[in-house]
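Heads up, the thing below is written out as structure tokens.
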Amino acid sequence: MFIQSSLSDKSTFFQKLRSFDYIILLCVLILGIISSFAMYSTDGGELLYHSESHIIRFIVFFIMMIFISFINIKTWHSFGYLFYLIVLALLLWASLFGITAQGSKRWINLYFINLQPSELMKIAIIVCFAKYYHRIQVSNVNSFKNIIIPILILVLPIVLVVGQPDLGTAILIALSGIIVLWLAGVNIKYFFYSSLVFIISAPFVISFLKPYQKLRILTFFDPDKDPLGAGYQIIQSKIAVGSGGLTGKGFLKGTQGYLEFLPEKHTDFIFTLFSEEFGFIGSLFLLLIYAILIFRIIKTGASSRSFFGKFFCYGFGSAIFIYITVNMAMVLGLLPIVGSPLPILSYGGSSMLATMTGLGIVMSTKIYSRQQIS
Amino acid sequence: MIGGGHDSGIKKSNTINRRMFIFAAAKAVVFFGIVGRLFSLQISENKKYLTLSDKNRLREARLPPVRGEFVDYFGNRIAKNLTVYQLHVIPEQVEDFKTLMVRLKDILNLSNNNLKELIKKKNKQKPWETLIVSENLTWDEFSKINFYLHELSGARPVLTVGRNYPYNEIYTHVLGYVSEASVEDLVSNETIKDRNVPGLRVGKTGLEKALENELIGTNGVQRFEVNAYGKRINQIDFKEGEKGKTIKLTIDTEIQKYTYELLNEKAGSISVMDIYTGEIIAMNSSPSFDPNLFLYGIEQNKWKEIKKNPLKPLLNKTVSGLYSPGSTIKPLVALSALENDVITTNMKVNCRGHKHPLELYGMKYHCWKKKGHGYMSLQNAIKQSCDTYFYEAARLLGVDRLNETAKKFGLGNVVLGEYYNEKKGVVPSTKWKKQAIGQNWYLGETLINGIGQGYIQTTPLQLCLMTAQLANGGHKIYPKLIFDNKQESIEAIKQKMKFAEENKVEDINLLSATERLFRKEEKSYDVLYRNKENVKFVLDAMFRSTNEIYGTSFSSRIEDPKYQFAGKTGTAQVKRITEEERELDLKTNQIPYKERDHAWYVAFGPYKEPRYAVSILVEHGGSGSAAAAPIAKKLFKFIIDRHELREQNRKKYLINNNV
């Protein structure tokens with residue numbers, strides 16, 4: 001075992017390149033290209049602010065991802081808690097001194113980028129839990145201490161994010177964390193009971209929600225009640241997707257997007273725009289790329305020798321899946337509208353930073369798959 | 001490995017993999033859920049959403065239809081379309097309606113009231129419907145709007161067509177006028193409802209209303225793409241509307257204009273008719289008003305002025321005014337009496353003046369002439385309009401036989417029927433009185449009926465038709481106002497009349513209904529008399545009335561045979577003359593206006609070869625010979641001078657037809 005580990009430590013750069021996951025790289029590239037075209041379309045067929053900055057970011061973060069993939073997985077393990085604490089501190093900072101936009105305090109001005117720490121928390125929580133459960137034996141997972149500490153780790157950022165307020169991201173952080181708890185072997189009855197408690201308390205929780213959040217949930221159940229108000233987004237998104245048909249209306253020819261019937265078309269509703277222009281076939285292709293990407297991430301986790309790598313890849317792969325399905329279900333009218341970006345495709349620096357960091361760690365897991373972490 | 005050694009590591013690994021597997025299975029389900037949803041939206045319900053998306057992005061604007069025009073007999077436009085400059089606003093495209101209004105108020109000098117009304121109107125309609133801020137901008141205002149357009153987002157300067165009546169009041173009673181479509185218009189006429197756009201003008205009276213469906217035209221359609229804010233991005237499709245039908249009238253504008261001058265500042269009516277074709281050459285009701293005032297809503301005080309005018313400019317007297325015909329009925333009474341063999345042309349009646357009036361059951365019946373006419377023959381009685389003679393003739397004839405003749409010649413029924421709110425008038429009979437009033441007929445009523453007083457009521461156009469049908473030798477003609485391009489030659493019509501005469505059916509009522517319908521289609525110019533000589537006799541008497549000394553309209557005669565005409569005066573009382581008034585024998589201008597007699601004159605000419613019939617009414621004008629007959633003198637000269645021109649125009653449209 002030790003020999004193996006030292007072998008991998010000493011593997012040459014060429015060897016590292018050979019074990020590099022080119023399929024993930026290719027998938028990410030394809031997604032990047034698709035997102036660039038989609039962003040170009042949201043700008044009305046011109047290279048304007050959104051498309052330009054999106055492409056630049058993609059290139060920068062893509063390079064960063066490759067750079068991260070050559071960092072030893074051990075390093076991520078060692079800095080796991082620190083990473084979490086830094087992001088938590090940033091969250092606190094954002095809540096106290098952040099930039100307020102659209103009635104929500106979620107950004108920190110870093111001059112070159114407006115950082116949204118809650119997006120980073122989606123990754124940080126997985127890294128943190130992966131490290132936490134890396135050491136713990138299955139028999140100890142359900143001990144009192146090992147239930148309470150992870151809950152604290154999870155609840156702390158969620159409270160901060162809900163307070164911003166940003167319900168969507170908070171839910172996604174919660175789901176990201178819960179996946180790892182599930183994988184770690186936390187007793188099923190806890191999941192069962194807590195979801196029971198959630199369902200029962202839901203009406204009370206809803207009564208504490210901000211009016212706009214309440215409206216969104218109510219609108220989801222009956223979008224036609226107020227077609228020009230709260231139900232507008234869901235209705236218009238469904239119209240756009242539905243009118244795309246089998247082959248779509250063609251690149252730059254999506255009338256719903258082009259004529260501005262789609263709200264937030266470059267962020268949460270980017271899939272709607274894409275689906276309107278490229279139809280069912282285009283959407284299936286996109287889903288396929290995402291499926292391959294997730295499959296590769298899971299596969300990397302399966303072949304990883306360290307539990308840290310396993311937890312992270314399984315957790316991150318599942319989280320990506322959840323982000324994608326929540327976003328799509330939302331724009332297809334299957335879930336209430338909560339802010340949740342589509343990984344890589346949606347406009348937004350922090351979201352892309354987080355996704356690319358995660359993918360970098362996954363690739364590093366692949367390259368250092370034989371790495372033992374003690 | 002870590003901590004508890006190899007076993008626990010495998011156990012942990014198994015736990016993770018097992019749980020990952022469960023999760024992966026759940027993922028697969030969710031994944032197919034998403035794909036299924038995509039399939040249902042994009043494949044199964046594609047049509048529905050495609051329609052919705054088109055509904056989102058495509059807007060149709062209906063352009064106002066272009067109304068058909070009216071031309072006169074010679075093709076002059078008498079109701080036309082002019083380019084008008086308008087300012088439209090579509091409220092949903094305006095960012096801040098109030099600011100825009102305030103800005104427009106400044107530019108167009110709108111009053112506060114205007115502004116209030118606009119806001120009221122805006123609140124009533126849908127946000128995507130056009131709001132017309134101003135319907136008739138001057139060129140200056142229009143250019144000003146265009147100059148400031150960049151700061152008036154949502155305002156649209158529009159070039160469109162509007163009605164214009166170049167002859168102003170001359171044609172008002174013939175054409176009517178147009179004005180903005182009201183709720184009643186929309187409810188009562190499906191076509192209007194179908195073609196309606198904001199600001200649509202529709203006919204309110206006259207031919208403009210009667211021929212609405214032919215005139216209105218069809219909407220142009222503009223289809224364009226709009227964005228989510230309703231802003232027009234580009235035009236996708238444009239379909240031009242069809243202009244409404246242009247309608248040609250039989251009226252000669254010059255004559256129409258002249259009749260207007262002749263009745264200037266008087267209340268009355270003049271109609272001129274072709275006695276063969278039935279074409280109405282002029283039809284004027286005085287006073288009139290300018291129909292252009294109504295196009296964009298008439299000002300309150302002007303409307304009041306028109307409405308309160310005692311001379312009743314709003315009433316189309318020619319077809320809707322009812323008057324006692326007075327002595328103009330006498331030729332018809334004479335004809336009826338001759339036809340029914342109750343008198344001969346030799347019968348004489350002694351008219352002995354006011355001291356010895358005709359007495360019947362204690363009532364006295366006076367002739368208009370104080371000294372009396374002495375012994376009168378029928379010819380002289382018509383010529384000098386002796387009332388006493390006609391009391392006697394009517395007494396012998398009886399009301400029911402007169403009724404029959406009068407109806408045959410066009411009284412008691414509408415002349416044009418479908419175009420105007422035409423009055424039928426009254427031609428009394430014993431049966432009529434029983435039904436309408438519920439009383440028995442009195443003989444005395446027959447007597448005054450014989451001089452055109454009492455229950456009998458006619459419109460000026462009816463008397464014109466009556467005169468025309470006498471003048472053409474007693475044949476039925478078909479009055480018309482709309483010119484059709486298939487003109488029969490006068491020779492053909494005369495031939496048909498001859499044919500009808502030779503194949504005369506004694507009693508028109510004997511004809512079966514289908515045959516009558518067939519004849520109507522054919523324009524058979526049926527005879528209205530039994531004995532042609534009787535008609536000739538009456539026409540001759542009318543000639544003498546105008547052209548021989550002692551004739552009632554002798555002073556209005558024209559000796560030149562080219563213009564020579566024959567006619568009959570009428571002086572219709574509007575109230576019963578009391579004994580006291582008869583003693584006073586006041587001049588017309590000494591009597592209050594409202595109590596003065598109506599002056600009538602019916603005539604035809606040129607006498608040698610009659611072609612035109614006229615009827616002239618001057619309301620409260622006094623005696624027919626003084627107030628109405630002189631008008632005919634001027635009018636006939638004018639009409640006959642334009643005869644050649646008219647015939648030339650006719651010839652362009654002649655069709656070959658076999659008798």
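Every chain in the structure tokens has a letter given in the order shown (A, B, ...), and although residue numbers restart at 1 in each chain, ligands are simply numbered from 1 in the order shown.
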Exercise: A:Ile33 partners within 10 Å, only C-alpha atoms, chain neighbours under 6 positions left out, as a list in words: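 In the requested format, the answer is Cys27, Met39, Ile55, Phe58, Ile344 and Leu345 of chain A.
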Within 9 Å of chain A, which residues belong to chain B? Use only C-alpha atoms and report them as an mmCIF file with C-alpha atoms, in the first residue's frame.
data_model
loop_
_atom_site.group_PDB
_atom_site.id
_atom_site.type_symbol
_atom_site.label_atom_id
_atom_site.label_comp_id
_atom_site.auth_asym_id
_atom_site.auth_seq_id
_atom_site.Cartn_x
_atom_site.Cartn_y
_atom_site.Cartn_z
ATOM 1 C CA MET B 1 -6.260 1.457 5.578
ATOM 2 C CA ILE B 2 -7.806 3.735 8.042
ATOM 3 C CA GLY B 3 -8.822 3.203 11.634
ATOM 4 C CA GLY B 4 -10.603 -0.107 12.222
ATOM 5 C CA SER B 8 -14.438 -1.899 8.430
ATOM 6 C CA GLY B 9 -13.069 -0.273 5.281
ATOM 7 C CA LYS B 11 -18.001 -2.427 5.163
ATOM 8 C CA LYS B 12 -17.860 1.334 4.725
ATOM 9 C CA SER B 13 -17.175 0.980 1.040
ATOM 10 C CA THR B 15 -22.410 1.050 2.526
ATOM 11 C CA ILE B 16 -21.378 3.904 0.290
ATOM 12 C CA ASN B 17 -21.802 1.878 -2.875
ATOM 13 C CA ARG B 18 -25.148 0.475 -1.793
ATOM 14 C CA ARG B 19 -26.496 3.882 -0.960
ATOM 15 C CA MET B 20 -25.046 5.304 -4.164
ATOM 16 C CA PHE B 23 -29.564 7.043 -5.261
ATOM 17 C CA ALA B 24 -28.571 6.262 -8.850
ATOM 18 C CA LYS B 27 -31.695 9.586 -10.454
ATOM 19 C CA VAL B 30 -35.959 11.569 -12.260
ATOM 20 C CA PHE B 31 -33.954 11.728 -15.463
ATOM 21 C CA GLY B 33 -39.231 12.178 -15.730
ATOM 22 C CA ILE B 34 -37.471 15.199 -17.188
ATOM 23 C CA VAL B 35 -37.202 13.606 -20.608
ATOM 24 C CA ARG B 37 -41.835 16.178 -19.566
ATOM 25 C CA LEU B 38 -39.791 17.519 -22.442
ATOM 26 C CA PHE B 39 -41.474 15.027 -24.741
ATOM 27 C CA SER B 40 -44.947 15.986 -23.585
ATOM 28 C CA LEU B 41 -44.267 19.725 -23.979
ATOM 29 C CA GLN B 42 -42.303 19.673 -27.199
ATOM 30 C CA ILE B 43 -43.784 16.763 -29.103
ATOM 31 C CA SER B 44 -47.270 16.012 -27.770
ATOM 32 C CA GLU B 45 -48.382 19.550 -27.043
ATOM 33 C CA ASN B 46 -46.176 21.304 -29.541
ATOM 34 C CA LYS B 47 -49.122 22.665 -31.574
ATOM 35 C CA LYS B 48 -50.763 24.196 -28.539
ATOM 36 C CA TYR B 49 -47.616 25.960 -27.412
ATOM 37 C CA LEU B 50 -46.721 27.022 -30.940
ATOM 38 C CA THR B 51 -50.096 28.735 -31.158
ATOM 39 C CA LEU B 52 -49.545 30.340 -27.792
ATOM 40 C CA SER B 53 -46.143 31.585 -28.820
ATOM 41 C CA ASP B 54 -47.561 33.058 -32.027
ATOM 42 C CA ASN B 56 -47.642 36.116 -27.860
ATOM 43 C CA ARG B 57 -45.603 37.606 -30.620
ATOM 44 C CA GLU B 225 -44.314 41.021 -34.387
ATOM 45 C CA VAL B 226 -44.297 42.587 -30.965
ATOM 46 C CA ASN B 227 -42.001 42.030 -28.037
ATOM 47 C CA ALA B 228 -43.037 41.285 -24.479
ATOM 48 C CA TYR B 229 -43.674 44.978 -23.893
ATOM 49 C CA ILE B 233 -40.582 44.989 -33.855
#
So how far away is atom CA of B:Met466 from atom CA of B:Thr344, in Å?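 Computing it gives 22.5 Å between the two atoms.
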Residue nearest A:Asp43 - candidates A:Ile294, A:His266, A:Asn327, A:Ile320, atoms counted: only C-alpha atoms: A:His266
Tell me, as a count of residues only, which residues lie within 10 Å of stretch 243-254 of chain B, counting only C-alpha atoms; anything in the same chain fewer than 4 positions away does not count. 54
Which residues are close to A:Ala354, i.e. within 8 Å by only C-alpha atoms, leaving aside same-chain residues fewer than 2 positions away? Reply as a PyMOL selection string. chain A and resi 119-120+122-123+350-352+356-358
Please report, as a VMD selection string, each residue of stretch 34-224 of chain A to which DSSP assigns strand (DSSP E) when run on this structure's backbone. chain A and resid 99 to 101 104 to 109 114 to 115
For a test of reading the model, state the distance in Å between atom CA of B:Lys651 and atom CA of B:Lys486, rounded to one decimal. 10.2 Å
Correct to one decimal, the distance atom CA of A:Asp21-atom CA of A:Arg296 is 8.4 Å
Just want the 10 Å neighbourhood of stretch 92-101 of chain B, counted on only C-alpha atoms, with same-chain residues fewer than 5 positions away dropped. Output as a list in words. Asp106, Ile107, Leu110, Leu115, Leu118, Ile119, Lys122, Lys126, Pro127, Trp128, Glu129, Thr130, Val133, Glu151, Leu152, Ser153, Gly154, Ala155, Tyr229, Gly230, Lys231 and Arg232 of chain B
Take the residues from that selection and write them out as a PDB file, in the first residue's frame, keeping N, CA and C atoms.
ATOM      1  N   ASP B 106     -49.587  70.232 -24.334  1.00  0.00           N
ATOM      2  CA  ASP B 106     -48.785  71.412 -24.661  1.00  0.00           C
ATOM      3  C   ASP B 106     -48.654  71.600 -26.159  1.00  0.00           C
ATOM      4  N   ILE B 107     -48.321  70.519 -26.834  1.00  0.00           N
ATOM      5  CA  ILE B 107     -48.029  70.610 -28.265  1.00  0.00           C
ATOM      6  C   ILE B 107     -49.283  70.940 -29.062  1.00  0.00           C
ATOM      7  N   LEU B 110     -54.417  71.265 -26.243  1.00  0.00           N
ATOM      8  CA  LEU B 110     -55.673  70.625 -25.841  1.00  0.00           C
ATOM      9  C   LEU B 110     -56.206  71.303 -24.585  1.00  0.00           C
ATOM     10  N   LEU B 115     -58.600  66.621 -22.301  1.00  0.00           N
ATOM     11  CA  LEU B 115     -57.699  65.717 -21.607  1.00  0.00           C
ATOM     12  C   LEU B 115     -58.476  64.749 -20.725  1.00  0.00           C
ATOM     13  N   LEU B 118     -60.211  62.179 -22.804  1.00  0.00           N
ATOM     14  CA  LEU B 118     -59.277  61.171 -23.327  1.00  0.00           C
ATOM     15  C   LEU B 118     -58.952  60.133 -22.264  1.00  0.00           C
ATOM     16  N   ILE B 119     -58.717  60.614 -21.060  1.00  0.00           N
ATOM     17  CA  ILE B 119     -58.375  59.692 -19.973  1.00  0.00           C
ATOM     18  C   ILE B 119     -59.560  58.786 -19.659  1.00  0.00           C
ATOM     19  N   LYS B 122     -59.702  56.258 -22.344  1.00  0.00           N
ATOM     20  CA  LYS B 122     -58.623  55.283 -22.193  1.00  0.00           C
ATOM     21  C   LYS B 122     -58.981  54.239 -21.143  1.00  0.00           C
ATOM     22  N   LYS B 126     -59.593  48.575 -23.866  1.00  0.00           N
ATOM     23  CA  LYS B 126     -58.513  47.646 -23.556  1.00  0.00           C
ATOM     24  C   LYS B 126     -57.173  48.349 -23.819  1.00  0.00           C
ATOM     25  N   PRO B 127     -56.134  47.970 -23.063  1.00  0.00           N
ATOM     26  CA  PRO B 127     -54.858  48.701 -23.189  1.00  0.00           C
ATOM     27  C   PRO B 127     -54.205  48.591 -24.555  1.00  0.00           C
ATOM     28  N   TRP B 128     -54.562  47.554 -25.324  1.00  0.00           N
ATOM     29  CA  TRP B 128     -53.905  47.425 -26.634  1.00  0.00           C
ATOM     30  C   TRP B 128     -54.751  48.042 -27.747  1.00  0.00           C
ATOM     31  N   GLU B 129     -55.890  48.606 -27.384  1.00  0.00           N
ATOM     32  CA  GLU B 129     -56.715  49.241 -28.410  1.00  0.00           C
ATOM     33  C   GLU B 129     -56.263  50.676 -28.641  1.00  0.00           C
ATOM     34  N   THR B 130     -56.370  51.067 -29.891  1.00  0.00           N
ATOM     35  CA  THR B 130     -55.920  52.392 -30.265  1.00  0.00           C
ATOM     36  C   THR B 130     -56.793  53.465 -29.615  1.00  0.00           C
ATOM     37  N   VAL B 133     -56.211  60.336 -30.146  1.00  0.00           N
ATOM     38  CA  VAL B 133     -56.059  61.567 -29.377  1.00  0.00           C
ATOM     39  C   VAL B 133     -56.634  62.730 -30.158  1.00  0.00           C
ATOM     40  N   GLU B 151     -39.560  62.147 -28.291  1.00  0.00           N
ATOM     41  CA  GLU B 151     -39.848  62.220 -26.847  1.00  0.00           C
ATOM     42  C   GLU B 151     -41.296  61.841 -26.521  1.00  0.00           C
ATOM     43  N   LEU B 152     -42.024  61.406 -27.545  1.00  0.00           N
ATOM     44  CA  LEU B 152     -43.416  61.039 -27.321  1.00  0.00           C
ATOM     45  C   LEU B 152     -43.592  59.546 -27.554  1.00  0.00           C
ATOM     46  N   SER B 153     -42.899  58.724 -26.737  1.00  0.00           N
ATOM     47  CA  SER B 153     -42.961  57.295 -27.016  1.00  0.00           C
ATOM     48  C   SER B 153     -44.385  56.809 -26.812  1.00  0.00           C
ATOM     49  N   GLY B 154     -44.845  56.006 -27.777  1.00  0.00           N
ATOM     50  CA  GLY B 154     -46.212  55.484 -27.723  1.00  0.00           C
ATOM     51  C   GLY B 154     -47.181  56.254 -28.584  1.00  0.00           C
ATOM     52  N   ALA B 155     -46.808  57.470 -28.990  1.00  0.00           N
ATOM     53  CA  ALA B 155     -47.689  58.266 -29.843  1.00  0.00           C
ATOM     54  C   ALA B 155     -47.391  57.920 -31.304  1.00  0.00           C
ATOM     55  N   TYR B 229     -43.118  43.716 -24.373  1.00  0.00           N
ATOM     56  CA  TYR B 229     -43.674  44.978 -23.893  1.00  0.00           C
ATOM     57  C   TYR B 229     -44.660  45.567 -24.890  1.00  0.00           C
ATOM     58  N   GLY B 230     -44.986  44.762 -25.917  1.00  0.00           N
ATOM     59  CA  GLY B 230     -45.985  45.220 -26.879  1.00  0.00           C
ATOM     60  C   GLY B 230     -45.423  46.164 -27.917  1.00  0.00           C
ATOM     61  N   LYS B 231     -44.109  46.346 -27.903  1.00  0.00           N
ATOM     62  CA  LYS B 231     -43.510  47.242 -28.887  1.00  0.00           C
ATOM     63  C   LYS B 231     -43.420  46.539 -30.239  1.00  0.00           C
ATOM     64  N   ARG B 232     -43.806  47.256 -31.283  1.00  0.00           N
ATOM     65  CA  ARG B 232     -43.767  46.639 -32.606  1.00  0.00           C
ATOM     66  C   ARG B 232     -42.332  46.480 -33.051  1.00  0.00           C
TER      67      ARG B 232
END
For each of A:His54, A:Ser304, A:Thr75, A:Tyr212, take the minimum atom-to-atom distance to A:Tyr40, counting only C-alpha atoms, then give the residue where this is smallest.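 The closest residue to A:Tyr40 is A:His54.
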Set the distance at 9 Å and use only C-alpha atoms: which residues neighbour B:Ser134 once local chain neighbours fewer than 2 positions away are removed? I'd like the list as a ChimeraX atom specification. /B:85-88,108,132,136-137
